[in-house]
file query.pdb (PDB, C-alpha atoms and all ligand atoms)
MODEL        1
ATOM      1  CA  MET A  14       2.739  23.256   8.867
ATOM      2  CA  ALA A  15       1.585  19.616   8.848
ATOM      3  CA  LYS A  16       4.153  16.980   8.027
ATOM      4  CA  VAL A  17       3.206  14.246   5.591
ATOM      5  CA  PHE A  18       4.624  10.985   4.307
ATOM      6  CA  CYS A  19       4.342  10.520   0.529
ATOM      7  CA  ILE A  20       4.790   7.001  -0.809
ATOM      8  CA  ASP A  21       5.167   6.200  -4.488
ATOM      9  CA  VAL A  22       4.351   2.504  -4.735
ATOM     10  CA  ALA A  23       5.762   2.339  -8.272
ATOM     11  CA  LYS A  24       9.214   3.171  -6.840
ATOM     12  CA  CYS A  25       9.084   0.638  -4.010
ATOM     13  CA  SER A  26      11.309  -2.360  -4.727
ATOM     14  CA  GLY A  27      10.161  -4.271  -1.668
ATOM     15  CA  CYS A  28      13.663  -4.289  -0.163
ATOM     16  CA  TYR A  29      12.248  -3.939   3.389
ATOM     17  CA  ASN A  30      15.043  -1.514   4.355
ATOM     18  CA  CYS A  31      12.504   0.898   5.843
ATOM     19  CA  GLN A  32      10.971  -1.813   7.989
ATOM     20  CA  PHE A  33      14.375  -2.989   9.249
ATOM     21  CA  ALA A  34      15.573   0.579   9.859
ATOM     22  CA  CYS A  35      12.540   1.372  11.984
ATOM     23  CA  LYS A  36      13.267  -1.679  14.137
ATOM     24  CA  ASP A  37      16.950  -0.732  14.351
ATOM     25  CA  GLU A  38      16.092   2.797  15.452
ATOM     26  CA  HIS A  39      13.524   1.891  18.075
ATOM     27  CA  CYS A  40      14.242  -1.609  19.405
ATOM     28  CA  ASN A  41      16.164  -1.377  22.651
ATOM     29  CA  ASN A  42      16.315   2.399  22.265
ATOM     30  CA  GLU A  43      14.226   4.654  24.439
ATOM     31  CA  TRP A  44      13.486   7.996  22.839
ATOM     32  CA  LEU A  45      11.739   9.885  25.615
ATOM     33  CA  PRO A  46       9.508  11.805  25.722
ATOM     34  CA  TYR A  47       8.309  10.259  22.454
ATOM     35  CA  ALA A  48       8.698   6.519  22.803
ATOM     36  CA  ALA A  49       9.649   3.703  25.088
ATOM     37  CA  LYS A  50      11.697   0.844  23.636
ATOM     38  CA  GLN A  51      10.043  -1.122  20.870
ATOM     39  CA  PRO A  52      10.113  -4.850  21.601
ATOM     40  CA  MET A  53      12.317  -6.997  19.345
ATOM     41  CA  THR A  54       9.341  -9.086  18.225
ATOM     42  CA  GLY A  55       5.662  -8.557  17.606
ATOM     43  CA  GLN A  56       5.695  -4.900  16.575
ATOM     44  CA  PHE A  57       6.205  -3.246  13.196
ATOM     45  CA  TRP A  58       5.728   0.477  13.391
ATOM     46  CA  LEU A  59       6.308   0.372   9.643
ATOM     47  CA  GLN A  60       5.354  -2.787   7.794
ATOM     48  CA  VAL A  61       5.978  -3.482   4.118
ATOM     49  CA  GLU A  62       2.929  -5.339   2.814
ATOM     50  CA  GLU A  63       3.432  -7.711  -0.095
ATOM     51  CA  HIS A  64       0.514  -7.885  -2.521
ATOM     52  CA  VAL A  65       0.469 -10.774  -4.994
ATOM     53  CA  GLU A  66      -2.044 -10.544  -7.853
ATOM     54  CA  GLY A  67      -3.012 -13.274 -10.333
ATOM     55  CA  THR A  68      -1.814 -16.852 -10.699
ATOM     56  CA  LYS A  69       1.291 -18.453 -12.249
ATOM     57  CA  PRO A  70       2.725 -17.616 -14.675
ATOM     58  CA  LYS A  71       0.887 -14.270 -14.826
ATOM     59  CA  ILE A  72       1.627 -12.760 -11.447
ATOM     60  CA  LYS A  73       2.190  -9.150 -10.452
ATOM     61  CA  ILE A  74       3.675  -8.253  -7.075
ATOM     62  CA  HIS A  75       3.756  -4.861  -5.467
ATOM     63  CA  TYR A  76       4.734  -3.634  -2.032
ATOM     64  CA  ILE A  77       3.012  -1.063   0.146
ATOM     65  CA  PRO A  78       4.760   0.348   3.232
ATOM     66  CA  VAL A  79       2.160   1.065   5.931
ATOM     67  CA  LEU A  80       2.627   3.022   9.137
ATOM     68  CA  CYS A  81       0.672   5.327  11.432
ATOM     69  CA  ASN A  82      -1.092   7.936   9.292
ATOM     70  CA  HIS A  83      -0.551  10.793  11.760
ATOM     71  CA  CYS A  84      -4.184  11.625  11.138
ATOM     72  CA  GLU A  85      -5.682  15.087  11.183
ATOM     73  CA  ASP A  86      -8.479  13.915  13.482
ATOM     74  CA  PRO A  87      -6.971  10.850  15.164
ATOM     75  CA  ALA A  88      -9.251   8.206  16.655
ATOM     76  CA  CYS A  89      -6.447   7.213  19.039
ATOM     77  CA  MET A  90      -6.354  10.728  20.494
ATOM     78  CA  LYS A  91     -10.110  10.706  21.103
ATOM     79  CA  ALA A  92      -9.867   7.381  22.926
ATOM     80  CA  ALA A  93      -7.055   8.528  25.219
ATOM     81  CA  GLU A  94      -7.482   9.788  28.738
ATOM     82  CA  ASN A  95      -5.343  12.416  30.500
ATOM     83  CA  GLY A  96      -4.027  13.789  27.182
ATOM     84  CA  ALA A  97      -2.011  10.607  26.683
ATOM     85  CA  VAL A  98      -2.108  11.046  22.906
ATOM     86  CA  TYR A  99      -1.382  14.468  21.506
ATOM     87  CA  LYS A 100      -0.642  16.171  18.236
ATOM     88  CA  ARG A 101       2.521  18.180  17.835
ATOM     89  CA  GLU A 102       2.538  21.520  16.049
ATOM     90  CA  ASP A 103       3.973  19.758  13.013
ATOM     91  CA  GLY A 104       0.996  17.367  12.978
ATOM     92  CA  LEU A 105       2.787  14.254  14.229
ATOM     93  CA  VAL A 106       0.591  12.225  16.575
ATOM     94  CA  ILE A 107       2.474  11.041  19.651
ATOM     95  CA  ILE A 108       1.535   8.539  22.335
ATOM     96  CA  ASP A 109       3.033   9.785  25.592
ATOM     97  CA  PRO A 110       4.732   6.665  26.996
ATOM     98  CA  GLU A 111       4.198   7.739  30.593
ATOM     99  CA  LYS A 112       0.609   8.959  30.464
ATOM    100  CA  ALA A 113      -0.549   6.141  28.168
ATOM    101  CA  ALA A 114       0.486   3.308  30.487
ATOM    102  CA  GLY A 115      -2.434   0.953  31.062
ATOM    103  CA  GLN A 116      -4.627   2.538  28.374
ATOM    104  CA  LYS A 117      -5.284  -0.425  26.086
ATOM    105  CA  GLN A 118      -8.298   1.342  24.562
ATOM    106  CA  ILE A 119      -5.863   3.611  22.706
ATOM    107  CA  ALA A 120      -4.480   0.653  20.762
ATOM    108  CA  GLU A 121      -7.971  -0.651  20.036
ATOM    109  CA  ALA A 122      -9.224   2.697  18.715
ATOM    110  CA  CYS A 123      -7.009   2.972  15.642
ATOM    111  CA  PRO A 124      -8.981   1.945  12.506
ATOM    112  CA  TYR A 125      -5.676   1.134  10.768
ATOM    113  CA  GLY A 126      -4.305  -1.242  13.363
ATOM    114  CA  ALA A 127      -1.238   1.011  13.562
ATOM    115  CA  ILE A 128      -0.895   0.768  17.347
ATOM    116  CA  TYR A 129       0.598  -2.255  19.113
ATOM    117  CA  TRP A 130      -0.058  -3.226  22.705
ATOM    118  CA  ASN A 131       3.103  -3.917  24.686
ATOM    119  CA  GLU A 132       1.944  -6.495  27.202
ATOM    120  CA  GLU A 133       5.116  -6.292  29.249
ATOM    121  CA  LEU A 134       5.002  -2.525  29.703
ATOM    122  CA  LYS A 135       1.171  -2.322  29.459
ATOM    123  CA  LEU A 136       1.709   0.371  26.873
ATOM    124  CA  PRO A 137       0.263   1.250  23.441
ATOM    125  CA  GLN A 138       3.104   1.962  20.970
ATOM    126  CA  LYS A 139       3.433   3.120  17.365
ATOM    127  CA  CYS A 140       5.424   5.208  14.880
ATOM    128  CA  THR A 141       6.562   8.528  16.332
ATOM    129  CA  GLY A 142       7.529  10.038  12.986
ATOM    130  CA  CYS A 143      11.020   9.732  14.478
ATOM    131  CA  ALA A 144      10.316  12.985  16.311
ATOM    132  CA  HIS A 145      13.618  12.571  18.218
ATOM    133  CA  LEU A 146      15.516  12.731  14.914
ATOM    134  CA  LEU A 147      13.514  15.671  13.565
ATOM    135  CA  GLU A 148      14.622  17.669  16.578
ATOM    136  CA  GLU A 149      18.221  17.115  15.498
ATOM    137  CA  GLY A 150      17.363  18.352  11.988
ATOM    138  CA  LYS A 151      17.423  14.799  10.623
ATOM    139  CA  THR A 152      14.831  12.841   8.654
ATOM    140  CA  PRO A 153      12.907   9.765   9.833
ATOM    141  CA  ARG A 154      15.037   6.612   9.592
ATOM    142  CA  CYS A 155      12.639   4.848   7.210
ATOM    143  CA  VAL A 156      12.860   7.774   4.787
ATOM    144  CA  ASP A 157      16.607   8.108   5.157
ATOM    145  CA  VAL A 158      17.314   4.504   4.165
ATOM    146  CA  CYS A 159      14.962   4.289   1.187
ATOM    147  CA  HIS A 160      17.357   4.019  -1.761
ATOM    148  CA  THR A 161      14.676   4.545  -4.410
ATOM    149  CA  GLY A 162      13.007   7.617  -2.923
ATOM    150  CA  ALA A 163       9.732   5.710  -2.685
ATOM    151  CA  ILE A 164       8.997   7.077   0.762
ATOM    152  CA  ARG A 165       9.425  10.775   1.396
ATOM    153  CA  PHE A 166       8.607  13.091   4.287
ATOM    154  CA  GLY A 167       8.176  16.820   4.651
ATOM    155  CA  ASP A 168       5.819  19.787   4.855
ATOM    156  CA  GLU A 169       2.496  19.223   3.159
ATOM    157  CA  SER A 170       3.094  22.341   1.039
ATOM    158  CA  GLU A 171       6.177  20.725  -0.543
ATOM    159  CA  PHE A 172       4.113  17.839  -1.850
ATOM    160  CA  THR A 173       1.021  19.502  -3.323
ATOM    161  CA  ASP A 174       1.682  17.999  -6.778
ATOM    162  CA  PHE A 175       2.055  14.514  -5.338
ATOM    163  CA  ILE A 176      -0.956  14.834  -3.062
ATOM    164  CA  LYS A 177      -3.437  16.095  -5.655
ATOM    165  CA  ASP A 178      -3.551  12.699  -7.410
ATOM    166  CA  ALA A 179      -2.813  10.601  -4.339
ATOM    167  CA  THR A 180      -4.971   8.228  -2.323
ATOM    168  CA  VAL A 181      -5.010   7.383   1.353
ATOM    169  CA  ARG A 182      -5.765   4.103   3.083
ATOM    170  CA  LEU A 183      -9.352   3.689   4.328
ATOM    171  CA  PRO A 184     -10.550   7.198   3.509
ATOM    172  CA  GLU A 185     -13.925   6.189   4.989
ATOM    173  CA  SER A 186     -12.309   6.130   8.462
ATOM    174  CA  GLY A 187     -12.861   9.903   8.537
ATOM    175  CA  THR A 188      -9.628  10.476  10.457
ATOM    176  CA  GLY A 189      -7.868  12.486   7.728
ATOM    177  CA  PRO A 190      -4.748  10.355   7.116
ATOM    178  CA  LYS A 191      -1.502  12.188   6.344
ATOM    179  CA  VAL A 192       0.276   9.307   4.627
ATOM    180  CA  TYR A 193      -0.365   9.646   0.902
ATOM    181  CA  TYR A 194       0.060   6.956  -1.754
ATOM    182  CA  ARG A 195       0.380   7.032  -5.511
ATOM    183  CA  ASN A 196       0.585   4.336  -8.143
ATOM    184  CA  ILE A 197      -1.045   1.530  -6.196
ATOM    185  CA  PRO A 198      -1.676  -0.909  -9.063
ATOM    186  CA  GLY A 199      -5.255  -1.907  -9.848
ATOM    187  CA  ARG A 200      -6.378  -5.390 -10.844
ATOM    188  CA  PHE A 201      -5.436  -7.060 -14.128
ATOM    189  CA  ILE A 202      -7.009  -9.536 -16.507
ATOM    190  CA  GLY A 203      -4.597 -11.417 -18.756
ATOM    191  CA  GLY A 204      -4.152 -14.569 -20.782
ATOM    192  CA  THR A 205      -2.274 -16.213 -23.640
ATOM    193  CA  LEU A 206      -3.779 -17.216 -26.989
ATOM    194  CA  TYR A 207      -2.503 -20.165 -29.022
ATOM    195  CA  ASP A 208      -3.366 -22.286 -32.033
ATOM    196  CA  PRO A 209      -3.447 -25.934 -30.847
ATOM    197  CA  ILE A 210      -3.183 -27.301 -34.400
ATOM    198  CA  GLU A 211      -0.068 -25.382 -35.447
ATOM    199  CA  GLU A 212       1.183 -25.215 -31.847
ATOM    200  CA  VAL A 213       2.025 -21.533 -32.112
ATOM    201  CA  VAL A 214       0.867 -18.493 -30.177
ATOM    202  CA  VAL A 215      -1.677 -16.167 -31.792
ATOM    203  CA  ARG A 216      -0.315 -12.670 -32.237
ATOM    204  CA  ASN A 217      -2.185  -9.435 -32.906
ATOM    205  CA  ALA A 218      -5.528 -10.799 -31.729
ATOM    206  CA  ARG A 219      -7.932  -7.991 -30.881
ATOM    207  CA  CYS A 220      -9.075  -8.099 -27.252
ATOM    208  CA  ARG A 221     -11.883  -5.886 -26.006
ATOM    209  CA  LEU A 222     -12.906  -5.587 -22.373
ATOM    210  CA  SER A 223     -15.983  -3.767 -21.083
ATOM    211  CA  GLY A 224     -17.428  -3.122 -17.649
ATOM    212  CA  ASP A 225     -17.919  -0.439 -15.044
ATOM    213  CA  GLY A 226     -19.331   1.783 -17.867
ATOM    214  CA  LYS A 227     -15.985   1.778 -19.700
ATOM    215  CA  SER A 228     -14.169  -0.246 -22.329
ATOM    216  CA  TRP A 229     -10.523  -1.088 -22.993
ATOM    217  CA  GLU A 230      -8.803  -2.536 -26.068
ATOM    218  CA  THR A 231      -5.488  -4.245 -26.618
ATOM    219  CA  THR A 232      -3.851  -6.802 -28.914
ATOM    220  CA  THR A 233      -1.811  -9.882 -28.110
ATOM    221  CA  ASP A 234       1.954  -9.399 -28.250
ATOM    222  CA  ILE A 235       4.625 -11.579 -29.881
ATOM    223  CA  PHE A 236       4.183 -14.133 -27.094
ATOM    224  CA  GLY A 237       0.411 -14.313 -27.624
ATOM    225  CA  ASP A 238      -0.116 -12.510 -24.328
ATOM    226  CA  PHE A 239      -2.700  -9.850 -23.562
ATOM    227  CA  TRP A 240      -2.920  -7.785 -20.389
ATOM    228  CA  PHE A 241      -5.509  -5.301 -19.192
ATOM    229  CA  LYS A 242      -3.839  -3.540 -16.283
ATOM    230  CA  ASP A 243      -4.910  -1.129 -13.543
ATOM    231  CA  LEU A 244      -8.526  -2.195 -13.666
ATOM    232  CA  PRO A 245     -10.986  -1.327 -10.900
ATOM    233  CA  ARG A 246     -12.637  -4.025  -8.812
ATOM    234  CA  GLY A 247     -15.785  -5.178 -10.634
ATOM    235  CA  THR A 248     -17.111  -7.493 -13.328
ATOM    236  CA  PHE A 249     -16.060  -7.378 -16.947
ATOM    237  CA  ASP A 250     -16.954  -8.972 -20.292
ATOM    238  CA  LEU A 251     -14.176  -9.910 -22.691
ATOM    239  CA  THR A 252     -14.295 -10.657 -26.427
ATOM    240  CA  ILE A 253     -11.306 -11.813 -28.475
ATOM    241  CA  GLU A 254     -11.095 -11.823 -32.262
ATOM    242  CA  ALA A 255      -8.261 -13.005 -34.504
ATOM    243  CA  ASP A 256      -8.185 -13.380 -38.289
ATOM    244  CA  GLY A 257      -8.951 -16.953 -39.335
ATOM    245  CA  PHE A 258     -10.209 -18.020 -35.865
ATOM    246  CA  GLU A 259     -13.556 -18.308 -34.135
ATOM    247  CA  SER A 260     -13.984 -15.489 -31.628
ATOM    248  CA  LEU A 261     -13.877 -16.119 -27.892
ATOM    249  CA  SER A 262     -15.968 -14.463 -25.255
ATOM    250  CA  PHE A 263     -16.012 -14.442 -21.450
ATOM    251  CA  LYS A 264     -18.771 -13.008 -19.317
ATOM    252  CA  ALA A 265     -18.729 -11.498 -15.833
ATOM    253  CA  LEU A 266     -15.026 -11.835 -15.080
ATOM    254  CA  ASP A 267     -14.891 -10.764 -11.443
ATOM    255  CA  THR A 268     -11.875  -8.806 -10.185
ATOM    256  CA  THR A 269     -13.367  -8.062  -6.786
ATOM    257  CA  LYS A 270     -11.137 -10.470  -4.897
ATOM    258  CA  ASP A 271      -8.102 -10.833  -7.175
ATOM    259  CA  SER A 272      -6.671 -10.224 -10.611
ATOM    260  CA  ILE A 273      -7.499 -12.849 -13.227
ATOM    261  CA  ASN A 274      -5.125 -14.969 -15.259
ATOM    262  CA  LEU A 275      -7.234 -16.779 -17.860
ATOM    263  CA  GLY A 276      -4.265 -18.983 -18.653
ATOM    264  CA  ASP A 277      -3.513 -20.543 -22.037
ATOM    265  CA  LEU A 278      -6.545 -20.139 -24.298
ATOM    266  CA  PRO A 279      -6.797 -22.363 -27.411
ATOM    267  CA  MET A 280      -8.328 -20.699 -30.468
ATOM    268  CA  THR A 281     -10.334 -22.726 -32.979
ATOM    269  CA  ARG A 282      -9.625 -22.295 -36.671
ATOM    270  CA  LYS A 283     -12.657 -21.389 -38.829
TER     271      LYS A 283
HETATM  272  S1  LIG A 301      13.067   1.181   1.685
HETATM  273 FE1  LIG A 301      11.934   2.148   0.021
HETATM  274  S2  LIG A 301      12.064   0.684  -1.669
HETATM  275 FE2  LIG A 301      12.633  -0.445   0.180
HETATM  276  S3  LIG A 301      10.679  -1.358   0.907
HETATM  277 FE3  LIG A 301      10.900   0.626   1.954
HETATM  278  S4  LIG A 301       9.794   2.116   0.665
HETATM  279 FE4  LIG A 301      10.142   0.257  -0.574
HETATM  280  S1  LIG A 302      -3.361   5.984  12.044
HETATM  281 FE1  LIG A 302      -4.278   5.298  13.968
HETATM  282  S2  LIG A 302      -2.640   5.573  15.451
HETATM  283 FE2  LIG A 302      -2.076   6.805  13.710
HETATM  284  S3  LIG A 302      -2.921   8.853  14.158
HETATM  285 FE3  LIG A 302      -4.436   7.744  12.911
HETATM  286  S4  LIG A 302      -5.814   6.880  14.425
HETATM  287 FE4  LIG A 302      -3.939   7.407  15.527
HETATM  288  S1  LIG A 303       9.070   7.575  11.015
HETATM  289 FE1  LIG A 303      10.456   6.497  12.413
HETATM  290  S2  LIG A 303       9.066   5.478  13.806
HETATM  291 FE2  LIG A 303       7.846   6.035  12.049
HETATM  292  S3  LIG A 303       7.917   4.273  10.697
HETATM  293 FE3  LIG A 303       9.588   5.631  10.069
HETATM  294  S4  LIG A 303      11.379   4.879  11.194
HETATM  295 FE4  LIG A 303       9.566   4.013  12.201
ENDMDL
END
call {"tool": "encode", "arguments": {"input": "query.pdb", "output": "structure tokens"}}
result
Amino acid sequence: MAKVFCIDVAKCSGCYNCQFACKDEHCNNEWLPYAAKQPMTGQFWLQVEEHVEGTKPKIKIHYIPVLCNHCEDPACMKAAENGAVYKREDGLVIIDPEKAAGQKQIAEACPYGAIYWNEELKLPQKCTGCAHLLEEGKTPRCVDVCHTGAIRFGDESEFTDFIKDATVRLPESGTGPKVYYRNIPGRFIGGTLYDPIEEVVVRNARCRLSGDGKSWETTTDIFGDFWFKDLPRGTFDLTIEADGFESLSFKALDTTKDSINLGDLPMTRK
């Protein structure tokens, strides 16, 4: 039965414990036949990516732990010679540290950049799924130290509910990744409405966003703020109406590259 990692981004606090634990487990520790020592610097078999969306003061930050996907059809395995990369019965993809020596093409083949080239040992290296711990009936170190349960590991059959609504990184790679993610936030468009004459925020303004064949509605809160969250990447039109004020409209707001904070928006009295 294939093993999978399931990562709930909404539960990840960005504490980096998993990243540190992976280093602690593998730096200066040789876990043959699965891995040579990981160097102290330059390699992160698990890396917590920080994603910052928007601009001050409307900023949203989320964290995404990334590691080898232990793919169903791994590009690294195809690039290897002499069976230097193999798949275990449980689906974990292992780089044999003896057979892989000198095979830099293995590191270059991974579409996720999950493999690091150890120049000193002339060796491609990556996450082993902590296969040495699994053999002792333990769980991978990164999973063990996650205090929020954001990163979990087990048989694919245990996680069918999680997986059915999950996404994977770069699905177009065609390698069949086995690290599943949920709750990766989409883009947002937000702003704050205020009355420059009275110098107060405008509450309960009606905000309507359209684009991508859909529409969304919200109202400003007690701080005059409006947020449209979890939007796809694309272009959107926004109209804002509030009793006693001229309406505002914005065309082609583009979330392709980043979320959008429209900032403080003055409303003109009729
Ligand atoms: S240990 Fe858990 S909560 Fe902390 S960064 Fe890693 S996945 Fe996120
Ligand atoms: S993510 Fe890269 S290194 Fe890991 S199994 Fe897939 S192709 Fe190989
Ligand atoms: S499973 Fe082990 S080797 Fe892989 S990222 Fe987690 S701690 Fe590192």
call {"tool": "closest_residue", "arguments": {"input": "query.pdb", "among": "A:Pro87, A:Gly187, A:Pro78, A:Pro245", "to": "ligand LIG 303 (chain A)", "atoms": "all atoms listed in the file"}}
result
A:Pro78
call {"tool": "resolve_selection", "arguments": {"input": "query.pdb", "expression": "the PyMOL selection byres (((not hetatm)) within 6 of (chain A and resi 303))", "output": "PyMOL selection string"}}
result
chain A and resi 35+58-59+80+140-143+153-155
call {"tool": "atom_distance", "arguments": {"input": "query.pdb", "atom1": "CA of Met280 in chain A", "atom2": "CA of Ile74 in chain A"}}
result
29.1 Å
call {"tool": "atom_distance", "arguments": {"input": "query.pdb", "atom1": "CA of Phe241 in chain A", "atom2": "CA of Phe201 in chain A"}}
result
5.4 Å
call {"tool": "closest_atom_pairs", "arguments": {"input": "query.pdb", "of": "chain A", "to": "ligand LIG 301 (chain A)", "cutoff": "8 Å", "atoms": "all atoms listed in the file", "output": "Markdown table"}}
result
| residue | atom | partner | partner_atom | distance |
| --- | --- | --- | --- | --- |
| A:Ile20 | CA | A:LIG301 | S4 | 7.1 |
| A:Val22 | CA | A:LIG301 | FE4 | 7.5 |
| A:Lys24 | CA | A:LIG301 | S2 | 6.4 |
| A:Cys25 | CA | A:LIG301 | FE4 | 3.6 |
| A:Ser26 | CA | A:LIG301 | S2 | 4.4 |
| A:Gly27 | CA | A:LIG301 | S3 | 3.9 |
| A:Cys28 | CA | A:LIG301 | FE2 | 4.0 |
| A:Tyr29 | CA | A:LIG301 | S3 | 3.9 |
| A:Asn30 | CA | A:LIG301 | S1 | 4.3 |
| A:Cys31 | CA | A:LIG301 | S1 | 4.2 |
| A:Gln32 | CA | A:LIG301 | FE3 | 6.5 |
| A:Val61 | CA | A:LIG301 | S3 | 6.1 |
| A:Tyr76 | CA | A:LIG301 | FE4 | 6.8 |
| A:Ile77 | CA | A:LIG301 | FE4 | 7.3 |
| A:Pro78 | CA | A:LIG301 | S4 | 5.9 |
| A:Cys155 | CA | A:LIG301 | S1 | 6.6 |
| A:Val156 | CA | A:LIG301 | S1 | 7.3 |
| A:Val158 | CA | A:LIG301 | S1 | 5.9 |
| A:Cys159 | CA | A:LIG301 | S1 | 3.7 |
| A:His160 | CA | A:LIG301 | FE1 | 6.0 |
| A:Thr161 | CA | A:LIG301 | S2 | 5.4 |
| A:Gly162 | CA | A:LIG301 | FE1 | 6.3 |
| A:Ala163 | CA | A:LIG301 | S4 | 4.9 |
| A:Ile164 | CA | A:LIG301 | S4 | 5.0 |
call {"tool": "closest_residue", "arguments": {"input": "query.pdb", "among": "A:Pro52, A:Gly115, A:Gly167, A:Pro190", "to": "ligand LIG 302 (chain A)", "atoms": "all atoms listed in the file"}}
result
A:Pro190
call {"tool": "closest_residue", "arguments": {"input": "query.pdb", "among": "A:His39, A:Lys139, A:Lys112, A:Lys71", "to": "ligand LIG 302 (chain A)", "atoms": "all atoms listed in the file"}}
result
A:Lys139
call {"tool": "resolve_selection", "arguments": {"input": "query.pdb", "expression": "the PyMOL selection byres (((not hetatm)) within 12 of (chain A and resi 302))", "output": "PyMOL selection string"}}
result
chain A and resi 17+58-59+79-93+97-101+104-108+118-130+137-142+181-184+186-192
call {"tool": "resolve_selection", "arguments": {"input": "query.pdb", "expression": "the PyMOL selection byres (((chain A and resi 233) around 6) and not hetatm)", "output": "list of chain:residue names"}}
result
A:Arg216, A:Asn217, A:Ala218, A:Thr232, A:Asp234, A:Gly237, A:Asp238, A:Phe239
call {"tool": "closest_residue", "arguments": {"input": "query.pdb", "among": "A:Arg195, A:Lys69, A:Arg165, A:Arg246", "to": "Lys177 in chain A", "atoms": "all atoms listed in the file"}}
result
A:Arg195
call {"tool": "axis_aligned_box", "arguments": {"input": "query.pdb", "around": "range 207-219 of chain A", "padding_each_side": "4 Å", "output": "JSON"}}
result
{"center_x": -3.0, "center_y": -17.6, "center_z": -32.2, "size_x": 18.0, "size_y": 27.3, "size_z": 14.4}
call {"tool": "closest_residue", "arguments": {"input": "query.pdb", "among": "A:Gln116, A:Asn196, A:Asn131, A:Asn41", "to": "Thr180 in chain A", "atoms": "only C-alpha atoms"}}
result
A:Asn196
call {"tool": "residues_around", "arguments": {"input": "query.pdb", "residues": "range 220-225 of chain A", "least_positions_apart": "2", "cutoff": "6 Å", "atoms": "only C-alpha atoms", "output": "PDB file with C-alpha atoms, in the coordinates of the input"}}
result
ATOM      1  CA  LYS A 227     -15.985   1.778 -19.700  1.00  0.00           C
ATOM      2  CA  SER A 228     -14.169  -0.246 -22.329  1.00  0.00           C
ATOM      3  CA  TRP A 229     -10.523  -1.088 -22.993  1.00  0.00           C
ATOM      4  CA  GLU A 230      -8.803  -2.536 -26.068  1.00  0.00           C
ATOM      5  CA  THR A 231      -5.488  -4.245 -26.618  1.00  0.00           C
ATOM      6  CA  THR A 232      -3.851  -6.802 -28.914  1.00  0.00           C
ATOM      7  CA  PHE A 249     -16.060  -7.378 -16.947  1.00  0.00           C
ATOM      8  CA  ASP A 250     -16.954  -8.972 -20.292  1.00  0.00           C
ATOM      9  CA  LEU A 251     -14.176  -9.910 -22.691  1.00  0.00           C
ATOM     10  CA  THR A 252     -14.295 -10.657 -26.427  1.00  0.00           C
ATOM     11  CA  ILE A 253     -11.306 -11.813 -28.475  1.00  0.00           C
TER      12      ILE A 253
END
call {"tool": "closest_residue", "arguments": {"input": "query.pdb", "among": "A:Ser272, A:Ser170, A:Asn95, A:Ser262", "to": "Met14 in chain A", "atoms": "all atoms listed in the file"}}
result
A:Ser170
call {"tool": "atom_distance", "arguments": {"input": "query.pdb", "atom1": "CA of Phe166 in chain A", "atom2": "CA of Asp103 in chain A"}}
result
11.9 Å
